[in-house]
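The file entry_32.cif contains mmCIF, C-alpha atoms:
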```
data_protein
#
loop_
_atom_site.group_PDB
_atom_site.id
_atom_site.type_symbol
_atom_site.label_atom_id
_atom_site.label_comp_id
_atom_site.auth_asym_id
_atom_site.auth_seq_id
_atom_site.Cartn_x
_atom_site.Cartn_y
_atom_site.Cartn_z
ATOM 1 C CA MET K 1 -48.179 210.664 7.918
ATOM 2 C CA MET K 2 -51.964 210.809 7.936
ATOM 3 C CA CYS K 3 -53.620 208.087 5.884
ATOM 4 C CA LYS K 4 -57.169 207.042 5.175
ATOM 5 C CA PRO K 5 -58.997 205.002 2.532
ATOM 6 C CA VAL K 6 -61.181 206.923 0.105
ATOM 7 C CA LYS K 7 -63.738 205.670 -2.406
ATOM 8 C CA ARG K 8 -63.927 206.578 -6.088
ATOM 9 C CA THR K 9 -67.155 208.461 -5.381
ATOM 10 C CA ASP K 10 -65.556 210.576 -2.650
ATOM 11 C CA PRO K 11 -65.226 214.290 -3.527
ATOM 12 C CA LEU K 12 -61.554 214.032 -2.604
ATOM 13 C CA ILE K 13 -60.931 211.875 -5.661
ATOM 14 C CA GLN K 14 -62.385 214.546 -7.912
ATOM 15 C CA ASN K 15 -60.321 217.211 -6.150
ATOM 16 C CA TYR K 16 -57.068 215.291 -6.349
ATOM 17 C CA CYS K 17 -57.505 213.090 -9.390
ATOM 18 C CA GLY K 18 -59.448 215.186 -11.875
ATOM 19 C CA ASP K 19 -60.803 212.956 -14.618
ATOM 20 C CA PHE K 20 -59.029 209.788 -13.429
ATOM 21 C CA HIS K 21 -61.297 206.841 -12.615
ATOM 22 C CA PRO K 22 -60.083 203.464 -11.325
ATOM 23 C CA SER K 23 -60.965 200.557 -13.584
ATOM 24 C CA THR K 24 -63.018 198.718 -10.993
ATOM 25 C CA GLU K 25 -65.255 199.678 -8.110
ATOM 26 C CA ASP K 26 -63.308 197.729 -5.500
ATOM 27 C CA ASP K 27 -59.922 199.328 -6.087
ATOM 28 C CA HIS K 28 -58.574 200.316 -2.696
ATOM 29 C CA ILE K 29 -57.567 203.976 -2.900
ATOM 30 C CA TRP K 30 -55.569 205.651 -0.141
ATOM 31 C CA LEU K 31 -55.106 209.323 0.611
ATOM 32 C CA TRP K 32 -51.758 209.970 2.331
ATOM 33 C CA GLU K 33 -51.097 213.414 3.744
ATOM 34 C CA ILE K 34 -48.233 215.192 5.448
ATOM 35 C CA PRO K 35 -50.067 217.966 7.327
ATOM 36 C CA ARG K 36 -49.569 221.668 6.775
ATOM 37 C CA GLU K 37 -49.058 222.098 10.522
ATOM 38 C CA LEU K 38 -45.738 220.240 10.429
ATOM 39 C CA PRO K 39 -42.842 222.709 10.883
ATOM 40 C CA ALA K 40 -41.321 223.543 7.486
ATOM 41 C CA VAL K 41 -37.979 221.767 7.579
ATOM 42 C CA PRO K 42 -36.126 222.413 4.299
ATOM 43 C CA PHE K 43 -34.191 219.732 2.489
ATOM 44 C CA ASP K 44 -30.707 220.465 1.210
ATOM 45 C CA GLY K 45 -32.293 219.804 -2.179
ATOM 46 C CA ASN K 46 -35.537 221.130 -3.603
ATOM 47 C CA ALA K 47 -38.297 220.084 -1.246
ATOM 48 C CA VAL K 48 -39.880 221.114 2.046
ATOM 49 C CA LEU K 49 -41.156 218.542 4.524
ATOM 50 C CA LYS K 50 -44.803 219.470 4.844
ATOM 51 C CA ASP K 51 -48.062 219.954 2.949
ATOM 52 C CA LEU K 52 -47.940 216.906 0.671
ATOM 53 C CA SER K 53 -50.962 214.886 -0.458
ATOM 54 C CA ILE K 54 -50.679 211.613 -2.364
ATOM 55 C CA ILE K 55 -53.327 209.394 -3.928
ATOM 56 C CA PHE K 56 -52.124 205.793 -3.984
ATOM 57 C CA LEU K 57 -53.695 202.689 -5.553
ATOM 58 C CA GLU K 58 -53.045 199.795 -3.200
ATOM 59 C CA LYS K 59 -53.666 196.961 -5.677
ATOM 60 C CA GLU K 60 -51.484 198.491 -8.379
ATOM 61 C CA ARG K 61 -48.968 199.817 -5.855
ATOM 62 C CA ARG K 62 -48.552 203.140 -7.605
ATOM 63 C CA VAL K 63 -49.077 206.851 -7.006
ATOM 64 C CA ILE K 64 -51.530 208.424 -9.435
ATOM 65 C CA ARG K 65 -51.541 212.016 -8.179
ATOM 66 C CA ALA K 66 -49.437 214.110 -5.836
ATOM 67 C CA ILE K 67 -49.804 217.710 -4.676
ATOM 68 C CA HIS K 68 -46.938 219.399 -2.830
ATOM 69 C CA GLN K 69 -47.141 222.961 -1.495
ATOM 70 C CA GLY K 70 -50.291 223.467 -3.590
ATOM 71 C CA LYS K 71 -48.677 222.367 -6.860
ATOM 72 C CA ASP K 72 -49.201 219.179 -8.875
ATOM 73 C CA ILE K 73 -46.238 216.831 -9.047
ATOM 74 C CA ALA K 74 -46.063 214.275 -11.837
ATOM 75 C CA PRO K 75 -45.323 210.976 -10.012
ATOM 76 C CA SER K 76 -43.563 209.450 -13.029
ATOM 77 C CA SER K 77 -41.037 212.286 -13.335
ATOM 78 C CA SER K 78 -40.671 213.180 -9.637
ATOM 79 C CA SER K 79 -40.661 209.781 -7.948
ATOM 80 C CA ASN K 80 -37.246 210.377 -6.366
ATOM 81 C CA MET K 81 -38.357 213.606 -4.738
ATOM 82 C CA LEU K 82 -41.632 212.083 -3.516
ATOM 83 C CA PHE K 83 -39.780 209.081 -2.105
ATOM 84 C CA SER K 84 -37.289 211.396 -0.377
ATOM 85 C CA ILE K 85 -40.018 213.542 1.190
ATOM 86 C CA VAL K 86 -41.928 210.529 2.511
ATOM 87 C CA ALA K 87 -38.815 208.741 3.838
ATOM 88 C CA ALA K 88 -37.496 211.860 5.561
ATOM 89 C CA THR K 89 -40.878 212.712 7.069
ATOM 90 C CA LEU K 90 -41.210 209.248 8.570
ATOM 91 C CA GLY K 91 -37.839 209.754 10.262
ATOM 92 C CA TYR K 92 -38.363 213.349 11.294
ATOM 93 C CA TRP K 93 -41.964 213.235 12.437
ATOM 94 C CA SER K 94 -42.991 209.629 13.078
ATOM 95 C CA HIS K 95 -39.841 207.777 14.142
ATOM 96 C CA PHE K 96 -38.662 210.630 16.326
ATOM 97 C CA LYS K 97 -41.804 210.274 18.444
ATOM 98 C CA SER K 98 -40.803 206.720 19.386
ATOM 99 C CA HIS K 99 -37.512 208.104 20.726
ATOM 100 C CA LEU K 100 -39.385 210.738 22.721
ATOM 101 C CA MET K 101 -41.686 208.086 24.211
ATOM 102 C CA ALA K 102 -38.688 205.862 24.981
ATOM 103 C CA GLU K 103 -37.184 208.731 26.983
ATOM 104 C CA ILE K 104 -40.411 209.028 28.982
ATOM 105 C CA SER K 105 -40.420 205.257 29.532
ATOM 106 C CA ALA K 106 -36.814 205.203 30.759
ATOM 107 C CA GLU K 107 -37.490 208.129 33.122
ATOM 108 C CA GLU K 108 -40.425 206.270 34.685
ATOM 109 C CA ILE K 109 -38.380 203.127 35.212
ATOM 110 C CA ILE K 110 -35.339 204.928 36.636
ATOM 111 C CA ASN K 111 -37.254 207.351 38.857
ATOM 112 C CA GLN K 112 -39.272 204.522 40.408
ATOM 113 C CA GLY K 113 -36.248 202.228 40.683
ATOM 114 C CA ILE K 114 -38.025 199.320 38.959
ATOM 115 C CA GLU K 115 -35.253 196.744 38.697
ATOM 116 C CA LYS K 116 -37.485 194.262 36.856
ATOM 117 C CA LEU K 117 -37.674 196.688 33.919
ATOM 118 C CA GLU K 118 -34.074 197.924 34.035
ATOM 119 C CA PRO K 119 -33.196 196.458 30.586
ATOM 120 C CA SER K 120 -35.722 198.842 29.020
ATOM 121 C CA ALA K 121 -33.920 201.876 30.444
ATOM 122 C CA ARG K 122 -30.322 200.711 30.120
ATOM 123 C CA PHE K 123 -29.230 202.558 26.976
ATOM 124 C CA VAL K 124 -31.889 205.192 26.334
ATOM 125 C CA HIS K 125 -30.311 208.241 27.975
ATOM 126 C CA SER K 126 -26.811 207.615 26.639
ATOM 127 C CA LEU K 127 -28.172 207.030 23.134
ATOM 128 C CA HIS K 128 -30.093 210.293 23.088
ATOM 129 C CA SER K 129 -27.222 212.259 24.535
ATOM 130 C CA GLY K 130 -25.091 210.998 21.663
ATOM 131 C CA LEU K 131 -27.721 211.689 19.000
ATOM 132 C CA LEU K 132 -28.190 215.278 20.155
ATOM 133 C CA ASN K 133 -24.598 216.200 20.942
ATOM 134 C CA SER K 134 -22.023 213.796 19.499
ATOM 135 C CA ALA K 135 -19.627 214.853 16.740
ATOM 136 C CA THR K 136 -20.493 211.605 14.951
ATOM 137 C CA SER K 137 -24.282 211.930 15.243
ATOM 138 C CA PRO K 138 -26.389 211.607 12.074
ATOM 139 C CA ALA K 139 -28.380 214.669 13.226
ATOM 140 C CA VAL K 140 -25.445 217.064 13.800
ATOM 141 C CA PRO K 141 -24.597 219.105 10.665
ATOM 142 C CA GLY K 142 -20.883 218.957 9.940
ATOM 143 C CA SER K 143 -20.542 215.468 11.372
ATOM 144 C CA LEU K 144 -18.733 212.994 9.126
ATOM 145 C CA LEU K 145 -21.747 210.704 9.547
ATOM 146 C CA TYR K 146 -24.435 213.407 9.153
ATOM 147 C CA SER K 147 -27.047 211.632 7.089
ATOM 148 C CA ILE K 148 -30.551 212.895 7.812
ATOM 149 C CA ALA K 149 -32.317 216.043 6.711
ATOM 150 C CA THR K 150 -33.192 217.172 10.221
ATOM 151 C CA THR K 151 -31.359 218.575 13.238
ATOM 152 C CA ARG K 152 -31.823 219.041 16.959
ATOM 153 C CA THR K 153 -33.855 222.205 16.349
ATOM 154 C CA SER K 154 -36.325 220.440 14.074
ATOM 155 C CA PHE K 155 -36.687 217.614 16.605
ATOM 156 C CA GLU K 156 -37.685 220.171 19.235
ATOM 157 C CA GLU K 157 -40.148 221.835 16.863
ATOM 158 C CA SER K 158 -41.846 218.536 16.023
ATOM 159 C CA MET K 159 -42.778 217.911 19.670
ATOM 160 C CA GLY K 160 -45.823 220.120 19.224
ATOM 161 C CA CYS K 161 -47.127 218.216 16.175
ATOM 162 C CA PRO K 162 -49.617 215.442 16.998
ATOM 163 C CA MET K 163 -49.058 212.076 15.353
ATOM 164 C CA PRO K 164 -51.703 209.408 14.637
ATOM 165 C CA HIS K 165 -51.272 206.279 16.710
ATOM 166 C CA TYR K 166 -49.722 203.188 15.145
ATOM 167 C CA ILE K 167 -52.839 201.212 15.989
ATOM 168 C CA VAL K 168 -55.789 202.849 14.262
ATOM 169 C CA PRO K 169 -58.299 201.115 11.955
ATOM 170 C CA ALA K 170 -57.076 202.985 8.862
ATOM 171 C CA LYS K 171 -53.707 201.222 9.193
ATOM 172 C CA ARG K 172 -55.031 197.681 9.522
ATOM 173 C CA ASN K 173 -53.614 196.666 6.112
ATOM 174 C CA PHE K 174 -50.160 198.017 6.862
ATOM 175 C CA ALA K 175 -47.194 195.769 7.596
ATOM 176 C CA ALA K 176 -46.987 194.614 11.238
ATOM 177 C CA PHE K 177 -50.339 196.127 12.259
ATOM 178 C CA ALA K 178 -51.546 192.840 13.798
ATOM 179 C CA PHE K 179 -48.182 192.428 15.536
ATOM 180 C CA PHE K 180 -48.325 195.946 16.988
ATOM 181 C CA LEU K 181 -51.832 195.272 18.290
ATOM 182 C CA ALA K 182 -50.818 191.942 19.872
ATOM 183 C CA ALA K 183 -47.688 193.507 21.387
ATOM 184 C CA ARG K 184 -49.528 196.408 22.992
ATOM 185 C CA LYS K 185 -52.135 194.068 24.474
ATOM 186 C CA SER K 186 -49.389 191.805 25.825
ATOM 187 C CA ILE K 187 -47.434 194.655 27.410
ATOM 188 C CA ALA K 188 -50.564 196.031 29.085
ATOM 189 C CA ALA K 189 -51.630 192.603 30.391
ATOM 190 C CA ASN K 190 -48.175 191.604 31.643
ATOM 191 C CA LEU K 191 -47.447 194.913 33.346
ATOM 192 C CA LYS K 192 -50.619 194.309 35.342
ATOM 193 C CA ALA K 193 -49.826 190.616 35.943
ATOM 194 C CA HIS K 194 -46.357 191.438 37.298
ATOM 195 C CA ASP K 195 -47.574 194.476 39.277
ATOM 196 C CA LEU K 196 -45.328 196.920 37.401
ATOM 197 C CA ASN K 197 -46.684 200.446 37.704
ATOM 198 C CA VAL K 198 -45.488 202.184 34.535
ATOM 199 C CA SER K 199 -47.382 203.665 31.582
ATOM 200 C CA VAL K 200 -48.203 201.227 28.809
ATOM 201 C CA GLU K 201 -47.796 203.551 25.825
ATOM 202 C CA PRO K 202 -44.227 204.782 26.471
ATOM 203 C CA LEU K 203 -43.002 201.239 27.143
ATOM 204 C CA PHE K 204 -44.778 199.953 24.020
ATOM 205 C CA GLN K 205 -43.037 202.621 21.932
ATOM 206 C CA ASN K 206 -39.712 201.982 23.672
ATOM 207 C CA MET K 207 -39.726 198.209 23.197
ATOM 208 C CA ILE K 208 -41.847 197.547 20.117
ATOM 209 C CA VAL K 209 -42.422 200.544 17.860
ATOM 210 C CA HIS K 210 -38.837 201.792 17.734
ATOM 211 C CA CYS K 211 -37.157 198.564 16.698
ATOM 212 C CA ILE K 212 -39.899 197.400 14.318
ATOM 213 C CA ASP K 213 -39.809 200.837 12.694
ATOM 214 C CA HIS K 214 -36.082 200.349 12.099
ATOM 215 C CA HIS K 215 -36.497 196.756 10.943
ATOM 216 C CA LEU K 216 -39.255 197.421 8.416
ATOM 217 C CA SER K 217 -37.676 200.657 7.169
ATOM 218 C CA TYR K 218 -34.384 198.890 6.599
ATOM 219 C CA GLU K 219 -36.027 195.982 4.801
ATOM 220 C CA TYR K 220 -37.790 198.379 2.414
ATOM 221 C CA LEU K 221 -35.117 201.039 1.931
ATOM 222 C CA LYS K 222 -32.160 198.698 1.437
ATOM 223 C CA LEU K 223 -33.737 197.749 -1.889
ATOM 224 C CA HIS K 224 -33.668 201.329 -3.227
ATOM 225 C CA ASP K 225 -31.008 203.803 -4.262
ATOM 226 C CA TYR K 226 -32.492 207.198 -3.611
ATOM 227 C CA SER K 227 -31.442 210.807 -3.149
ATOM 228 C CA LEU K 228 -31.774 211.530 0.554
ATOM 229 C CA ASP K 229 -32.609 215.222 0.160
ATOM 230 C CA GLY K 230 -34.196 215.223 -3.305
ATOM 231 C CA SER K 231 -31.249 217.065 -4.900
ATOM 232 C CA GLU K 232 -30.066 213.937 -6.778
ATOM 233 C CA SER K 233 -26.439 214.914 -6.153
ATOM 234 C CA PHE K 234 -23.754 212.261 -5.647
ATOM 235 C CA MET K 235 -23.415 213.156 -1.958
ATOM 236 C CA SER K 236 -27.168 212.854 -1.403
ATOM 237 C CA TYR K 237 -27.005 209.245 -2.614
ATOM 238 C CA MET K 238 -23.979 208.594 -0.385
ATOM 239 C CA ARG K 239 -25.808 210.065 2.612
ATOM 240 C CA SER K 240 -28.798 207.788 1.972
ATOM 241 C CA LEU K 241 -26.432 204.805 1.897
ATOM 242 C CA ILE K 242 -24.941 205.840 5.256
ATOM 243 C CA LEU K 243 -28.410 206.379 6.693
ATOM 244 C CA VAL K 244 -29.754 202.977 5.638
ATOM 245 C CA GLU K 245 -26.721 200.766 6.206
ATOM 246 C CA LEU K 246 -25.266 202.420 9.302
ATOM 247 C CA TRP K 247 -28.073 204.172 11.179
ATOM 248 C CA MET K 248 -31.200 202.322 10.086
ATOM 249 C CA PHE K 249 -29.787 198.796 10.304
ATOM 250 C CA PRO K 250 -30.940 197.328 13.669
ATOM 251 C CA LYS K 251 -28.080 196.769 16.083
ATOM 252 C CA VAL K 252 -27.273 196.050 19.739
ATOM 253 C CA ASN K 253 -24.163 196.090 21.897
ATOM 254 C CA PRO K 254 -22.571 192.658 21.231
ATOM 255 C CA PHE K 255 -21.288 192.591 24.822
ATOM 256 C CA ASP K 256 -24.653 193.475 26.375
ATOM 257 C CA ASP K 257 -27.403 192.019 24.217
ATOM 258 C CA VAL K 258 -30.836 193.422 25.024
ATOM 259 C CA HIS K 259 -32.805 191.567 22.368
ATOM 260 C CA LEU K 260 -36.032 190.505 24.037
ATOM 261 C CA CYS K 261 -35.234 186.837 23.488
ATOM 262 C CA ALA K 262 -31.865 187.264 25.255
ATOM 263 C CA VAL K 263 -33.288 189.295 28.153
ATOM 264 C CA ALA K 264 -36.119 186.771 28.631
ATOM 265 C CA CYS K 265 -33.544 184.003 29.088
ATOM 266 C CA ASN K 266 -31.717 185.891 31.844
ATOM 267 C CA TYR K 267 -34.400 185.125 34.432
ATOM 268 C CA ASP K 268 -34.715 181.801 36.250
ATOM 269 C CA SER K 269 -38.459 182.217 36.735
ATOM 270 C CA PRO K 270 -41.180 183.688 34.508
ATOM 271 C CA SER K 271 -40.712 187.428 34.140
ATOM 272 C CA PHE K 272 -42.400 190.318 32.390
ATOM 273 C CA TYR K 273 -39.984 189.918 29.493
ATOM 274 C CA SER K 274 -40.365 186.150 29.147
ATOM 275 C CA ASP K 275 -44.151 186.418 29.209
ATOM 276 C CA VAL K 276 -44.209 189.184 26.589
ATOM 277 C CA TYR K 277 -41.749 187.224 24.429
ATOM 278 C CA ARG K 278 -43.993 184.167 24.626
ATOM 279 C CA ASP K 279 -46.977 186.200 23.473
ATOM 280 C CA LEU K 280 -45.046 187.812 20.623
ATOM 281 C CA LYS K 281 -43.726 184.473 19.368
ATOM 282 C CA ARG K 282 -47.334 183.368 19.010
ATOM 283 C CA ALA K 283 -48.200 186.548 17.106
ATOM 284 C CA ASP K 284 -45.241 186.535 14.687
ATOM 285 C CA PRO K 285 -42.122 184.425 15.369
ATOM 286 C CA LEU K 286 -39.913 186.414 12.983
ATOM 287 C CA LEU K 287 -40.811 189.859 14.310
ATOM 288 C CA ALA K 288 -40.681 188.617 17.907
ATOM 289 C CA ASP K 289 -36.982 187.889 17.465
ATOM 290 C CA ARG K 290 -36.404 191.423 16.162
ATOM 291 C CA ILE K 291 -37.688 193.028 19.366
ATOM 292 C CA ILE K 292 -35.147 194.838 21.525
ATOM 293 C CA ALA K 293 -36.044 195.549 25.136
ATOM 294 C CA SER K 294 -34.603 199.069 25.063
ATOM 295 C CA THR K 295 -34.295 201.807 22.461
ATOM 296 C CA CYS K 296 -30.542 201.635 21.999
ATOM 297 C CA PHE K 297 -29.725 202.668 18.428
#
```
Here is the file; what I need is its structure written in the form of structure tokens.
Amino acid sequence: MMCKPVKRTDPLIQNYCGDFHPSTEDDHIWLWEIPRELPAVPFDGNAVLKDLSIIFLEKERRVIRAIHQGKDIAPSSSSNMLFSIVAATLGYWSHFKSHLMAEISAEEIINQGIEKLEPSARFVHSLHSGLLNSATSPAVPGSLLYSIATTRTSFEESMGCPMPHYIVPAKRNFAAFAFFLAARKSIAANLKAHDLNVSVEPLFQNMIVHCIDHHLSYEYLKLHDYSLDGSESFMSYMRSLILVELWMFPKVNPFDDVHLCAVACNYDSPSFYSDVYRDLKRADPLLADRIIASTCF
């Protein structure tokens, strides 16, 4: 989702907010947009995942205006649909890209035979094979555990849609921004220090972005009962429960733990993983212990 701060004097506020004026000059106003270029993936309910603009007041934590497909949506009466569109878009467009980058990361590690980074490639291919083809995948319609609004086809379509990076100035007030920045710097520095010739960005997405995305999404969404597809049917609420508690909840193989803290302890001497873990503990001890060395769920 595109996001940028806008001021009350910006023409965008007049375009989106009409006669509304914030009570004070220093109100922090955000414009959030799902671009028109995103492939139109229909919900099972009454919404389409693209072309949505939202004006959000950060201090008051509320939406004051929303426009979807060129039409005004009253936030107070359509909050469930807005929430569903945003949550599904983050999974379909944003989170999916971390899986794509993890696949690139695993390919680099495997093709070059880099044993020192093997934990970061251990589960990636098998996970993605299951997500795309398994009868119990959340992305395979007809599956008993089907619980997201998108499918393999929509994943393939989204590959051509650019996504803003996690570390851009407009996101500096977002949760975990400082941690993401510290983590990317650490990965880049320690790859160089340990003479590991792989691309920084795919490994950063594989190790850091994917699991923190799951962790923060779970922490926020577990507090809400919402209709997954905007239809507000009983099954849409059940599917959101399956999505949050089964698929979004961070997890690892209990017999082969690849949490960064566990992997770092498997080496007798300082390693890439132990050095990155040390840096992340300094940045945020809680989030550091949520990091998983490989995209595996």
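Each of K:Ala183, K:Phe204, K:Asn266, K:Arg122 was compared to Asp284 (chain K) using only C-alpha atoms, and K:Ala183 turns out to be the nearest.
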Item to complete: Choose the residue, out of K:Asp275, K:Ala87, K:Ser233, K:Val252, that has the smallest atom-to-atom separation from Ala188 (chain K); count all atoms listed in the file.
Response: K:Asp275
Discussion item. From the options K:Lys4, K:Lys192, K:Arg239, K:Arg61, which residue's atoms come nearest to Asp225 (chain K), counting all atoms listed in the file?
Written reply: K:Arg239
So what does the PyMOL selection byres ((chain K and resi 104) around 12) actually pick up in this one, as an mmCIF file with C-alpha atoms, keeping the file's coordinate frame?
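Output file part-v4.cif follows:
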```cif
data_model
loop_
_atom_site.group_PDB
_atom_site.id
_atom_site.type_symbol
_atom_site.label_atom_id
_atom_site.label_comp_id
_atom_site.auth_asym_id
_atom_site.auth_seq_id
_atom_site.Cartn_x
_atom_site.Cartn_y
_atom_site.Cartn_z
ATOM 1 C CA LYS K 97 -41.804 210.274 18.444
ATOM 2 C CA SER K 98 -40.803 206.720 19.386
ATOM 3 C CA HIS K 99 -37.512 208.104 20.726
ATOM 4 C CA LEU K 100 -39.385 210.738 22.721
ATOM 5 C CA MET K 101 -41.686 208.086 24.211
ATOM 6 C CA ALA K 102 -38.688 205.862 24.981
ATOM 7 C CA GLU K 103 -37.184 208.731 26.983
ATOM 8 C CA SER K 105 -40.420 205.257 29.532
ATOM 9 C CA ALA K 106 -36.814 205.203 30.759
ATOM 10 C CA GLU K 107 -37.490 208.129 33.122
ATOM 11 C CA GLU K 108 -40.425 206.270 34.685
ATOM 12 C CA ILE K 109 -38.380 203.127 35.212
ATOM 13 C CA ILE K 110 -35.339 204.928 36.636
ATOM 14 C CA ASN K 111 -37.254 207.351 38.857
ATOM 15 C CA SER K 120 -35.722 198.842 29.020
ATOM 16 C CA ALA K 121 -33.920 201.876 30.444
ATOM 17 C CA VAL K 124 -31.889 205.192 26.334
ATOM 18 C CA HIS K 125 -30.311 208.241 27.975
ATOM 19 C CA HIS K 128 -30.093 210.293 23.088
ATOM 20 C CA VAL K 198 -45.488 202.184 34.535
ATOM 21 C CA SER K 199 -47.382 203.665 31.582
ATOM 22 C CA VAL K 200 -48.203 201.227 28.809
ATOM 23 C CA GLU K 201 -47.796 203.551 25.825
ATOM 24 C CA PRO K 202 -44.227 204.782 26.471
ATOM 25 C CA LEU K 203 -43.002 201.239 27.143
ATOM 26 C CA PHE K 204 -44.778 199.953 24.020
ATOM 27 C CA GLN K 205 -43.037 202.621 21.932
ATOM 28 C CA ASN K 206 -39.712 201.982 23.672
ATOM 29 C CA THR K 295 -34.295 201.807 22.461
#
```
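CA of Tyr273 (chain K) to CA of Leu260 (chain K) spans 6.8 Å [interatomic distance, one decimal].
Atom pair CA of Pro138 (chain K) / CA of Ala88 (chain K): separated by 12.9 Å.
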Worksheet item: Expressed in Å to a single decimal, how great is the separation between CA of Phe272 (chain K) and CA of Ser217 (chain K)?
Response: 27.7 Å
Practice prompt. Can you turn the PyMOL selection byres ((chain K and resi 54) around 7) into a concrete residue list for this file, as number ranges by chain?
Written response: K: 31-33, 52-53, 55-56, 63, 65-67
Practice prompt. Given the file shown, determine the residues that the PyMOL selection byres ((chain K and resi 258) around 6) selects; report them as a ChimeraX atom specification.
Written response: /K:257,259,263,292-293
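Comparing the minimum interatomic distances between Phe83 (chain K) and each of K:Asp279, K:Asp213, K:Glu232, K:Glu118, counting only C-alpha atoms, we find that K:Glu232 sits nearest.
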Response to the item:
Of K:His210, K:Arg184, K:Lys59, K:His28, the one sitting nearest Phe297 (chain K) when using all atoms listed in the file is K:His210
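Proximity to His194 (chain K) was assessed for K:Val276, K:Leu216, K:Met238, K:Val86 counting only C-alpha atoms; the smallest distance is recorded for K:Val276.
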Discussion item. Can you pull out the residues contacting His224 (chain K)? Cut-off 12 Å, using only C-alpha atoms, and skip same-chain residues under 6 positions away; I want them as a ChimeraX atom specification.
Written reply: /K:79-80,83-84,87,217-218,237,240-241,244-245
Assuming 8 Å of padding per side, give the centre and edge lengths of the axis-aligned box around every listed atom of region 187-191 of chain K, in Å to one decimal and as AutoDock Vina command-line options.
```
--center_x -49.5 --center_y 193.8 --center_z 30.4 --size_x 20.2 --size_y 20.4 --size_z 21.9
```
